[in-house]
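Source file: coords.cif. Holds: mmCIF, C-alpha atoms.
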data_input
#
loop_
_atom_site.group_PDB
_atom_site.id
_atom_site.type_symbol
_atom_site.label_atom_id
_atom_site.label_comp_id
_atom_site.auth_asym_id
_atom_site.auth_seq_id
_atom_site.Cartn_x
_atom_site.Cartn_y
_atom_site.Cartn_z
ATOM 1 C CA MET A 1 4.338 -1.885 -28.022
ATOM 2 C CA SER A 2 3.752 0.443 -30.931
ATOM 3 C CA PRO A 3 2.712 3.752 -29.411
ATOM 4 C CA HIS A 4 0.079 4.772 -31.939
ATOM 5 C CA ARG A 5 -1.781 1.642 -32.867
ATOM 6 C CA PRO A 6 -4.710 0.337 -30.849
ATOM 7 C CA HIS A 7 -4.213 -3.211 -29.668
ATOM 8 C CA ARG A 8 -7.216 -5.250 -30.549
ATOM 9 C CA PRO A 9 -8.180 -8.393 -28.646
ATOM 10 C CA PRO A 10 -7.487 -11.164 -31.170
ATOM 11 C CA ASP A 11 -10.701 -12.998 -30.292
ATOM 12 C CA GLU A 12 -13.911 -10.977 -30.240
ATOM 13 C CA GLY A 13 -14.912 -10.387 -26.637
ATOM 14 C CA GLY A 14 -11.673 -11.963 -25.443
ATOM 15 C CA PHE A 15 -9.104 -10.488 -23.173
ATOM 16 C CA GLY A 16 -5.873 -10.889 -25.028
ATOM 17 C CA TRP A 17 -4.128 -8.176 -27.015
ATOM 18 C CA ASP A 18 -1.690 -7.938 -29.908
ATOM 19 C CA GLU A 19 1.866 -7.640 -28.612
ATOM 20 C CA VAL A 20 0.817 -8.238 -24.998
ATOM 21 C CA ASP A 21 2.158 -11.542 -23.706
ATOM 22 C CA VAL A 22 0.015 -13.800 -21.550
ATOM 23 C CA MET A 23 2.351 -14.586 -18.668
ATOM 24 C CA ALA A 24 2.337 -16.780 -15.609
ATOM 25 C CA TYR A 25 0.911 -14.940 -12.616
ATOM 26 C CA LYS A 26 3.982 -15.881 -10.569
ATOM 27 C CA GLN A 27 6.682 -18.490 -10.766
ATOM 28 C CA GLU A 28 5.436 -21.929 -9.782
ATOM 29 C CA GLY A 29 6.375 -22.657 -6.171
ATOM 30 C CA GLU A 30 6.970 -18.983 -5.342
ATOM 31 C CA ALA A 31 3.585 -18.615 -3.634
ATOM 32 C CA PRO A 32 0.243 -20.430 -3.475
ATOM 33 C CA PHE A 33 -2.159 -19.590 -6.332
ATOM 34 C CA ARG A 34 -4.350 -21.451 -8.834
ATOM 35 C CA HIS A 35 -5.305 -20.796 -12.479
ATOM 36 C CA VAL A 36 -4.174 -17.170 -12.827
ATOM 37 C CA THR A 37 -2.627 -15.386 -15.813
ATOM 38 C CA ARG A 38 -1.056 -11.927 -15.987
ATOM 39 C CA GLN A 39 -0.824 -9.442 -18.868
ATOM 40 C CA VAL A 40 0.943 -6.099 -18.594
ATOM 41 C CA LEU A 41 -1.195 -3.671 -20.613
ATOM 42 C CA PHE A 42 0.783 -0.483 -20.014
ATOM 43 C CA ASP A 43 4.337 -0.181 -18.738
ATOM 44 C CA HIS A 44 5.594 3.028 -20.325
ATOM 45 C CA PRO A 45 8.876 4.480 -18.997
ATOM 46 C CA GLU A 46 7.223 7.902 -18.603
ATOM 47 C CA LEU A 47 4.262 6.501 -16.636
ATOM 48 C CA ALA A 48 4.727 6.227 -12.879
ATOM 49 C CA CYS A 49 2.330 3.248 -12.759
ATOM 50 C CA GLN A 50 1.729 -0.066 -14.485
ATOM 51 C CA LEU A 51 -1.676 -1.305 -15.587
ATOM 52 C CA ARG A 52 -1.994 -5.093 -15.559
ATOM 53 C CA TYR A 53 -4.845 -7.467 -16.451
ATOM 54 C CA PHE A 54 -5.210 -10.592 -14.310
ATOM 55 C CA GLU A 55 -7.527 -13.403 -15.220
ATOM 56 C CA VAL A 56 -8.525 -16.046 -12.694
ATOM 57 C CA ALA A 57 -10.026 -19.104 -14.408
ATOM 58 C CA PRO A 58 -13.106 -20.805 -12.896
ATOM 59 C CA GLY A 59 -12.243 -22.267 -9.502
ATOM 60 C CA GLY A 60 -8.964 -20.357 -9.287
ATOM 61 C CA HIS A 61 -7.551 -17.837 -6.845
ATOM 62 C CA THR A 62 -4.741 -15.330 -6.509
ATOM 63 C CA THR A 63 -2.181 -15.475 -3.708
ATOM 64 C CA LEU A 64 -3.238 -14.450 -0.205
ATOM 65 C CA GLU A 65 -0.719 -11.672 0.434
ATOM 66 C CA ARG A 66 -0.066 -8.112 1.546
ATOM 67 C CA HIS A 67 2.424 -5.341 0.740
ATOM 68 C CA GLU A 68 3.078 -1.669 1.353
ATOM 69 C CA HIS A 69 1.927 -0.572 -2.092
ATOM 70 C CA VAL A 70 -1.689 0.170 -2.941
ATOM 71 C CA HIS A 71 -3.767 -1.730 -5.513
ATOM 72 C CA ALA A 72 -6.502 -0.058 -7.571
ATOM 73 C CA VAL A 73 -8.675 -2.746 -9.144
ATOM 74 C CA MET A 74 -11.542 -2.703 -11.674
ATOM 75 C CA VAL A 75 -13.447 -5.852 -12.616
ATOM 76 C CA VAL A 76 -13.747 -6.042 -16.415
ATOM 77 C CA ARG A 77 -14.737 -9.669 -16.952
ATOM 78 C CA GLY A 78 -17.077 -12.003 -15.105
ATOM 79 C CA ARG A 79 -17.550 -11.923 -11.367
ATOM 80 C CA GLY A 80 -16.012 -13.299 -8.186
ATOM 81 C CA ARG A 81 -15.183 -12.515 -4.595
ATOM 82 C CA ALA A 82 -12.338 -10.778 -2.821
ATOM 83 C CA LEU A 83 -10.973 -10.699 0.687
ATOM 84 C CA VAL A 84 -9.749 -7.178 1.440
ATOM 85 C CA GLY A 85 -8.643 -6.735 5.030
ATOM 86 C CA ASP A 86 -11.322 -8.057 7.351
ATOM 87 C CA ALA A 87 -14.142 -8.646 4.904
ATOM 88 C CA VAL A 88 -15.105 -10.810 1.943
ATOM 89 C CA HIS A 89 -16.825 -8.855 -0.877
ATOM 90 C CA GLU A 90 -18.889 -9.997 -3.831
ATOM 91 C CA LEU A 91 -17.461 -8.600 -7.088
ATOM 92 C CA ALA A 92 -19.476 -7.800 -10.191
ATOM 93 C CA LEU A 93 -18.613 -6.316 -13.576
ATOM 94 C CA ASN A 94 -17.197 -2.765 -13.385
ATOM 95 C CA ASP A 95 -16.772 -2.856 -9.609
ATOM 96 C CA LEU A 96 -13.900 -0.825 -8.223
ATOM 97 C CA VAL A 97 -11.813 -2.107 -5.313
ATOM 98 C CA GLN A 98 -9.058 -0.242 -3.521
ATOM 99 C CA VAL A 99 -6.608 -2.376 -1.547
ATOM 100 C CA PRO A 100 -4.869 -0.174 1.042
ATOM 101 C CA ALA A 101 -1.276 -0.592 2.176
ATOM 102 C CA SER A 102 -0.408 -3.583 4.381
ATOM 103 C CA THR A 103 -3.814 -5.195 3.884
ATOM 104 C CA TRP A 104 -4.321 -8.936 3.365
ATOM 105 C CA HIS A 105 -6.127 -9.628 0.112
ATOM 106 C CA GLN A 106 -7.082 -12.485 -2.188
ATOM 107 C CA PHE A 107 -9.282 -12.731 -5.307
ATOM 108 C CA ARG A 108 -11.284 -15.832 -6.237
ATOM 109 C CA ALA A 109 -13.259 -16.743 -9.368
ATOM 110 C CA PRO A 110 -16.503 -18.711 -9.023
ATOM 111 C CA ASP A 111 -16.607 -22.294 -10.296
ATOM 112 C CA ASP A 112 -18.550 -21.454 -13.461
ATOM 113 C CA GLU A 113 -16.867 -18.392 -14.979
ATOM 114 C CA PRO A 114 -13.596 -16.490 -14.987
ATOM 115 C CA LEU A 115 -12.851 -13.328 -13.044
ATOM 116 C CA GLY A 116 -10.838 -10.741 -14.984
ATOM 117 C CA PHE A 117 -9.661 -7.493 -13.464
ATOM 118 C CA LEU A 118 -7.409 -4.551 -14.146
ATOM 119 C CA CYS A 119 -4.902 -3.783 -11.398
ATOM 120 C CA LEU A 120 -3.092 -0.450 -11.229
ATOM 121 C CA VAL A 121 0.114 -0.210 -9.177
ATOM 122 C CA ASN A 122 3.033 2.153 -8.827
ATOM 123 C CA ALA A 123 5.914 1.161 -11.087
ATOM 124 C CA GLU A 124 8.225 1.248 -8.036
ATOM 125 C CA ARG A 125 6.797 -0.974 -5.344
ATOM 126 C CA ASP A 126 7.705 -3.460 -2.637
ATOM 127 C CA ARG A 127 7.472 -7.254 -2.888
ATOM 128 C CA PRO A 128 4.406 -9.039 -1.501
ATOM 129 C CA GLN A 129 4.564 -10.825 1.854
ATOM 130 C CA LEU A 130 2.937 -14.188 2.532
ATOM 131 C CA PRO A 131 1.037 -14.814 5.774
ATOM 132 C CA GLY A 132 2.794 -16.540 8.666
ATOM 133 C CA VAL A 133 1.220 -18.907 11.164
ATOM 134 C CA SER A 134 -0.095 -16.142 13.428
ATOM 135 C CA ASP A 135 -1.414 -14.136 10.458
ATOM 136 C CA LEU A 136 -3.332 -17.191 9.231
ATOM 137 C CA ALA A 137 -4.733 -17.827 12.687
ATOM 138 C CA ALA A 138 -5.975 -14.234 12.880
ATOM 139 C CA LEU A 139 -7.474 -14.410 9.391
ATOM 140 C CA ARG A 140 -9.178 -17.716 10.192
ATOM 141 C CA SER A 141 -10.646 -16.434 13.462
ATOM 142 C CA ASP A 142 -13.671 -15.284 11.461
ATOM 143 C CA PRO A 143 -15.743 -18.171 9.981
ATOM 144 C CA GLU A 144 -16.497 -16.406 6.675
ATOM 145 C CA ARG A 145 -12.836 -15.514 6.161
ATOM 146 C CA ALA A 146 -11.797 -19.034 7.179
ATOM 147 C CA ARG A 147 -14.076 -20.530 4.501
ATOM 148 C CA PHE A 148 -12.873 -18.059 1.883
ATOM 149 C CA ILE A 149 -9.113 -18.078 2.092
ATOM 150 C CA ARG A 150 -6.920 -20.476 0.136
ATOM 151 C CA HIS A 151 -3.326 -20.917 1.185
ATOM 152 C CA MET B 1 -13.861 6.694 -1.211
ATOM 153 C CA SER B 2 -14.094 3.892 1.325
ATOM 154 C CA PRO B 3 -10.957 1.816 0.862
ATOM 155 C CA HIS B 4 -12.465 -1.619 1.365
ATOM 156 C CA ARG B 5 -15.833 -1.582 -0.269
ATOM 157 C CA PRO B 6 -16.329 -2.274 -3.955
ATOM 158 C CA HIS B 7 -18.113 0.510 -5.772
ATOM 159 C CA ARG B 8 -20.958 -0.891 -7.748
ATOM 160 C CA PRO B 9 -22.356 0.840 -10.828
ATOM 161 C CA PRO B 10 -25.813 1.987 -9.679
ATOM 162 C CA ASP B 11 -27.471 0.947 -12.941
ATOM 163 C CA GLU B 12 -26.744 -2.543 -14.230
ATOM 164 C CA GLY B 13 -24.341 -2.290 -17.135
ATOM 165 C CA GLY B 14 -23.953 1.429 -16.501
ATOM 166 C CA PHE B 15 -20.784 3.339 -15.973
ATOM 167 C CA GLY B 16 -21.385 5.291 -12.804
ATOM 168 C CA TRP B 17 -20.127 4.345 -9.360
ATOM 169 C CA ASP B 18 -21.117 4.961 -5.755
ATOM 170 C CA GLU B 19 -19.163 7.889 -4.349
ATOM 171 C CA VAL B 20 -17.648 8.772 -7.735
ATOM 172 C CA ASP B 21 -18.954 12.101 -9.012
ATOM 173 C CA VAL B 22 -19.864 12.556 -12.664
ATOM 174 C CA MET B 23 -18.070 15.796 -13.522
ATOM 175 C CA ALA B 24 -17.805 18.121 -16.450
ATOM 176 C CA TYR B 25 -14.956 17.119 -18.761
ATOM 177 C CA LYS B 26 -13.602 20.667 -18.645
ATOM 178 C CA GLN B 27 -14.959 24.080 -17.783
ATOM 179 C CA GLU B 28 -17.234 25.460 -20.499
ATOM 180 C CA GLY B 29 -15.284 27.875 -22.697
ATOM 181 C CA GLU B 30 -11.902 26.547 -21.561
ATOM 182 C CA ALA B 31 -11.440 24.442 -24.698
ATOM 183 C CA PRO B 32 -13.565 23.050 -27.546
ATOM 184 C CA PHE B 33 -15.326 19.758 -26.727
ATOM 185 C CA ARG B 34 -18.811 18.248 -27.001
ATOM 186 C CA HIS B 35 -20.851 15.857 -24.817
ATOM 187 C CA VAL B 36 -18.073 14.521 -22.561
ATOM 188 C CA THR B 37 -18.191 13.582 -18.866
ATOM 189 C CA ARG B 38 -15.321 12.740 -16.518
ATOM 190 C CA GLN B 39 -15.195 10.465 -13.460
ATOM 191 C CA VAL B 40 -12.075 10.003 -11.348
ATOM 192 C CA LEU B 41 -12.075 6.315 -10.381
ATOM 193 C CA PHE B 42 -8.823 6.217 -8.417
ATOM 194 C CA ASP B 43 -6.896 9.147 -7.011
ATOM 195 C CA HIS B 44 -5.164 7.690 -3.956
ATOM 196 C CA PRO B 45 -2.414 9.795 -2.321
ATOM 197 C CA GLU B 46 -0.052 6.795 -2.388
ATOM 198 C CA LEU B 47 -0.663 6.084 -6.085
ATOM 199 C CA ALA B 48 1.574 7.958 -8.515
ATOM 200 C CA CYS B 49 -1.188 7.891 -11.162
ATOM 201 C CA GLN B 50 -4.856 8.689 -11.540
ATOM 202 C CA LEU B 51 -7.343 6.448 -13.321
ATOM 203 C CA ARG B 52 -10.216 8.345 -14.916
ATOM 204 C CA TYR B 53 -13.284 7.252 -16.911
ATOM 205 C CA PHE B 54 -14.372 9.511 -19.760
ATOM 206 C CA GLU B 55 -17.629 9.034 -21.590
ATOM 207 C CA VAL B 56 -18.285 10.701 -24.917
ATOM 208 C CA ALA B 57 -21.998 10.695 -25.759
ATOM 209 C CA PRO B 58 -23.142 9.922 -29.343
ATOM 210 C CA GLY B 59 -21.906 12.620 -31.699
ATOM 211 C CA GLY B 60 -19.506 14.042 -29.121
ATOM 212 C CA HIS B 61 -15.749 14.572 -29.065
ATOM 213 C CA THR B 62 -12.941 15.357 -26.639
ATOM 214 C CA THR B 63 -10.666 18.374 -27.068
ATOM 215 C CA LEU B 64 -8.029 18.298 -29.803
ATOM 216 C CA GLU B 65 -4.906 18.821 -27.680
ATOM 217 C CA ARG B 66 -1.392 17.710 -26.761
ATOM 218 C CA HIS B 67 0.799 17.700 -23.667
ATOM 219 C CA GLU B 68 4.085 16.331 -22.345
ATOM 220 C CA HIS B 69 2.470 13.607 -20.245
ATOM 221 C CA VAL B 70 1.542 10.202 -21.626
ATOM 222 C CA HIS B 71 -1.993 8.803 -21.802
ATOM 223 C CA ALA B 72 -2.735 5.078 -21.432
ATOM 224 C CA VAL B 73 -6.265 4.390 -22.659
ATOM 225 C CA MET B 74 -8.532 1.328 -22.651
ATOM 226 C CA VAL B 75 -11.955 1.333 -24.315
ATOM 227 C CA VAL B 76 -14.517 -0.161 -21.910
ATOM 228 C CA ARG B 77 -17.812 0.951 -23.476
ATOM 229 C CA GLY B 78 -19.006 1.203 -27.061
ATOM 230 C CA ARG B 79 -16.759 2.172 -29.922
ATOM 231 C CA GLY B 80 -15.429 5.235 -31.702
ATOM 232 C CA ARG B 81 -12.410 6.723 -33.406
ATOM 233 C CA ALA B 82 -9.282 8.498 -32.253
ATOM 234 C CA LEU B 83 -6.702 10.744 -33.836
ATOM 235 C CA VAL B 84 -3.295 9.948 -32.324
ATOM 236 C CA GLY B 85 -0.470 11.832 -33.995
ATOM 237 C CA ASP B 86 -0.717 11.433 -37.750
ATOM 238 C CA ALA B 87 -3.402 8.766 -37.991
ATOM 239 C CA VAL B 88 -7.092 8.200 -37.308
ATOM 240 C CA HIS B 89 -7.816 4.801 -35.690
ATOM 241 C CA GLU B 90 -11.015 2.821 -35.307
ATOM 242 C CA LEU B 91 -11.615 1.927 -31.650
ATOM 243 C CA ALA B 92 -13.478 -1.161 -30.433
ATOM 244 C CA LEU B 93 -14.239 -2.581 -27.000
ATOM 245 C CA ASN B 94 -11.119 -3.452 -24.949
ATOM 246 C CA ASP B 95 -8.743 -1.708 -27.360
ATOM 247 C CA LEU B 96 -5.631 -0.220 -25.821
ATOM 248 C CA VAL B 97 -4.249 3.113 -27.033
ATOM 249 C CA GLN B 98 -1.036 4.752 -25.903
ATOM 250 C CA VAL B 99 -0.776 8.502 -26.559
ATOM 251 C CA PRO B 100 2.914 9.475 -26.479
ATOM 252 C CA ALA B 101 4.251 12.803 -25.211
ATOM 253 C CA SER B 102 3.609 15.944 -27.306
ATOM 254 C CA THR B 103 1.232 14.143 -29.645
ATOM 255 C CA TRP B 104 -2.006 15.665 -30.962
ATOM 256 C CA HIS B 105 -4.992 13.530 -30.058
ATOM 257 C CA GLN B 106 -8.786 13.592 -30.078
ATOM 258 C CA PHE B 107 -11.461 10.961 -29.343
ATOM 259 C CA ARG B 108 -14.854 10.884 -31.054
ATOM 260 C CA ALA B 109 -17.984 8.797 -30.424
ATOM 261 C CA PRO B 110 -20.073 7.621 -33.372
ATOM 262 C CA ASP B 111 -23.549 9.100 -33.864
ATOM 263 C CA ASP B 112 -25.392 6.033 -32.544
ATOM 264 C CA GLU B 113 -23.598 5.007 -29.336
ATOM 265 C CA PRO B 114 -21.349 6.349 -26.612
ATOM 266 C CA LEU B 115 -17.612 5.841 -26.363
ATOM 267 C CA GLY B 116 -16.375 5.175 -22.828
ATOM 268 C CA PHE B 117 -12.712 4.769 -21.975
ATOM 269 C CA LEU B 118 -10.356 4.541 -19.042
ATOM 270 C CA CYS B 119 -7.444 6.973 -19.138
ATOM 271 C CA LEU B 120 -4.394 6.501 -16.937
ATOM 272 C CA VAL B 121 -2.118 9.493 -16.300
ATOM 273 C CA ASN B 122 0.612 10.477 -13.875
ATOM 274 C CA ALA B 123 -0.772 12.344 -10.877
ATOM 275 C CA GLU B 124 1.780 15.104 -11.556
ATOM 276 C CA ARG B 125 1.429 16.271 -15.117
ATOM 277 C CA ASP B 126 1.498 19.343 -17.361
ATOM 278 C CA ARG B 127 -1.530 21.213 -18.700
ATOM 279 C CA PRO B 128 -2.811 20.445 -22.223
ATOM 280 C CA GLN B 129 -2.020 22.783 -25.124
ATOM 281 C CA LEU B 130 -4.532 23.705 -27.811
ATOM 282 C CA PRO B 131 -3.482 23.821 -31.471
ATOM 283 C CA GLY B 132 -2.514 27.151 -33.029
ATOM 284 C CA VAL B 133 -3.129 28.229 -36.621
ATOM 285 C CA SER B 134 -0.031 26.519 -38.007
ATOM 286 C CA ASP B 135 -0.723 23.332 -36.012
ATOM 287 C CA LEU B 136 -4.242 23.180 -37.448
ATOM 288 C CA ALA B 137 -2.946 23.754 -40.960
ATOM 289 C CA ALA B 138 -0.498 20.877 -40.555
ATOM 290 C CA LEU B 139 -3.164 18.594 -39.106
ATOM 291 C CA ARG B 140 -5.571 19.492 -41.930
ATOM 292 C CA SER B 141 -2.980 18.863 -44.646
ATOM 293 C CA ASP B 142 -4.159 15.251 -44.702
ATOM 294 C CA PRO B 143 -7.738 14.792 -45.988
ATOM 295 C CA GLU B 144 -8.664 12.039 -43.507
ATOM 296 C CA ARG B 145 -7.372 14.067 -40.568
ATOM 297 C CA ALA B 146 -9.097 17.192 -41.903
ATOM 298 C CA ARG B 147 -12.444 15.367 -42.009
ATOM 299 C CA PHE B 148 -11.929 13.907 -38.536
ATOM 300 C CA ILE B 149 -10.837 16.789 -36.361
ATOM 301 C CA ARG B 150 -13.240 19.053 -34.493
ATOM 302 C CA HIS B 151 -11.988 22.347 -33.179
#
Could you take the file, read its structure, and then write that structure out as structure tokens?
Amino acid sequence: MSPHRPHRPPDEGGFGWDEVDVMAYKQEGEAPFRHVTRQVLFDHPELACQLRYFEVAPGGHTTLERHEHVHAVMVVRGRGRALVGDAVHELALNDLVQVPASTWHQFRAPDDEPLGFLCLVNAERDRPQLPGVSDLAALRSDPERARFIRH
Amino acid sequence: MSPHRPHRPPDEGGFGWDEVDVMAYKQEGEAPFRHVTRQVLFDHPELACQLRYFEVAPGGHTTLERHEHVHAVMVVRGRGRALVGDAVHELALNDLVQVPASTWHQFRAPDDEPLGFLCLVNAERDRPQLPGVSDLAALRSDPERARFIRH
């Protein structure tokens, strides 16, 4: 990425940028997810964090997972819902969400529009963990969480 | 900041958040600037970076300065212009701007709308430097830069 030049979304109002690749969210089969893309907006060797943009297409969802590292999220496109720990939250444009360490989380887009969000993480971080049978049982013990989660 | 709850802008389409204080950009008299506010969106002890939101009101400008740490910027409201190093750039919504180490930079809003941008920095970073007489002379040696800068 050229350091001086702004990177303009190629389509007006769109969320793609010159010289930023639209990547698969994860490798197929690595973990359950649906209709998610990933773009790394900033990954400078002198920055201790990465800033990524994730877009969940209508009807899609990210992986239900947890990890030791913290997520700092800002919604910049559309709306959706998120499970963070015990609760399901409605998400609107410009909302901020902090995902603490070791906290189950999942983001879902509604059926009629995409959900796009920035996600800030430390450059050095641990790998996500998927829920096991007992984790899923605990998550599904609450009816609202049970309806929300996709796995 | 509550870790689980999204922080909703109190005014629809606005750029203020529950539990995020709108602060002065800098102390008055510390450095030249005009019509700028600062909000720290994420400053978690386990994150190696801070994410801040700066808003430059119409006609305003940030300080002309440089430092060793890198800035990663994304425009999220309005439009404007930025000096980064040798060149003045037009800025539009969703543009990304990387400010390398030791590089003079300044952001300006147009006269008719605000410029709001996210700025990602390392939590541990050096203090900004202001330009001296010879720095200003070098910056002003180019007519476009000379017209742009405010100091």
Practice problem: Decode the PyMOL selection byres ((chain A and resi 49-65) around 6) for the given file into explicit residues and return them as a ChimeraX atom specification. | Solution: /A:32-43,47-48,66,104-123,129-130
Would you mind exporting the chosen residues as a short mmCIF file (atom, residue, chain, number, x, y, z; two decimals), in the coordinates of the input, restricted to C-alpha atoms?
data_model
loop_
_atom_site.label_atom_id
_atom_site.label_comp_id
_atom_site.auth_asym_id
_atom_site.auth_seq_id
_atom_site.Cartn_x
_atom_site.Cartn_y
_atom_site.Cartn_z
CA PRO A 32 0.24 -20.43 -3.48
CA PHE A 33 -2.16 -19.59 -6.33
CA ARG A 34 -4.35 -21.45 -8.83
CA HIS A 35 -5.30 -20.80 -12.48
CA VAL A 36 -4.17 -17.17 -12.83
CA THR A 37 -2.63 -15.39 -15.81
CA ARG A 38 -1.06 -11.93 -15.99
CA GLN A 39 -0.82 -9.44 -18.87
CA VAL A 40 0.94 -6.10 -18.59
CA LEU A 41 -1.20 -3.67 -20.61
CA PHE A 42 0.78 -0.48 -20.01
CA ASP A 43 4.34 -0.18 -18.74
CA LEU A 47 4.26 6.50 -16.64
CA ALA A 48 4.73 6.23 -12.88
CA ARG A 66 -0.07 -8.11 1.55
CA TRP A 104 -4.32 -8.94 3.36
CA HIS A 105 -6.13 -9.63 0.11
CA GLN A 106 -7.08 -12.48 -2.19
CA PHE A 107 -9.28 -12.73 -5.31
CA ARG A 108 -11.28 -15.83 -6.24
CA ALA A 109 -13.26 -16.74 -9.37
CA PRO A 110 -16.50 -18.71 -9.02
CA ASP A 111 -16.61 -22.29 -10.30
CA ASP A 112 -18.55 -21.45 -13.46
CA GLU A 113 -16.87 -18.39 -14.98
CA PRO A 114 -13.60 -16.49 -14.99
CA LEU A 115 -12.85 -13.33 -13.04
CA GLY A 116 -10.84 -10.74 -14.98
CA PHE A 117 -9.66 -7.49 -13.46
CA LEU A 118 -7.41 -4.55 -14.15
CA CYS A 119 -4.90 -3.78 -11.40
CA LEU A 120 -3.09 -0.45 -11.23
CA VAL A 121 0.11 -0.21 -9.18
CA ASN A 122 3.03 2.15 -8.83
CA ALA A 123 5.91 1.16 -11.09
CA GLN A 129 4.56 -10.82 1.85
CA LEU A 130 2.94 -14.19 2.53
#
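CA of Met23 (chain B) sits 21.5 Å away from CA of His67 (chain B).
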Box for region 115-125 of chain A - axis-aligned, 6 Å on each of the six sides, all listed atoms - centre and size in Å to one decimal, as AutoDock Vina command-line options.
--center_x -2.3 --center_y -5.6 --center_z -10.2 --size_x 33.1 --size_y 27.5 --size_z 21.6
Exercise. Run the PyMOL selection byres ((chain B and resi 135) around 12) against the file shown and list the residues it catches, as number ranges by chain.
Key: B: 64-66, 85, 103-104, 129-134, 136-141, 146, 151
Exercise. Within 8 Å of His69 (chain A), counting all atoms listed in the file, which residues show up once you throw out same-chain ones fewer than 2 positions away? Write them as a ChimeraX atom specification, please.
Key: /A:67,71,100-102,121-122,125-126 /B:46
Pull C-alpha atoms from the residues just selected and write them as an mmCIF file, in the frame of the given file.
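The result, stored in part12.cif:
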data_model
loop_
_atom_site.group_PDB
_atom_site.id
_atom_site.type_symbol
_atom_site.label_atom_id
_atom_site.label_comp_id
_atom_site.auth_asym_id
_atom_site.auth_seq_id
_atom_site.Cartn_x
_atom_site.Cartn_y
_atom_site.Cartn_z
ATOM 1 C CA HIS A 67 2.424 -5.341 0.740
ATOM 2 C CA HIS A 71 -3.767 -1.730 -5.513
ATOM 3 C CA PRO A 100 -4.869 -0.174 1.042
ATOM 4 C CA ALA A 101 -1.276 -0.592 2.176
ATOM 5 C CA SER A 102 -0.408 -3.583 4.381
ATOM 6 C CA VAL A 121 0.114 -0.210 -9.177
ATOM 7 C CA ASN A 122 3.033 2.153 -8.827
ATOM 8 C CA ARG A 125 6.797 -0.974 -5.344
ATOM 9 C CA ASP A 126 7.705 -3.460 -2.637
ATOM 10 C CA GLU B 46 -0.052 6.795 -2.388
#
Self-check item: d(CA of Val99 (chain B), CA of Ala72 (chain B)) in Å
Solution: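 Here the two named atoms are 6.5 Å from each other.
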Exercise. Can you work out which one of B:Arg79, B:His44, B:Arg145, B:Arg127 has the shortest atom-to-atom distance to chain A, counting only C-alpha atoms?
Key: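 Result for the nearest residue to chain A: B:His44.
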Practice problem: List the neighbours of His89 (chain A) out to 12 Å using all atoms listed in the file; skip same-chain residues closer than 2 positions along the sequence, and give me the result as a PyMOL selection string. | Solution: (chain A and resi 79-87+91-92+95-98+105-108+144-145+148) or (chain B and resi 4-8)
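Across the structure, CA of Phe15 (chain A) and CA of Asn94 (chain B) are spaced 7.5 Å apart.
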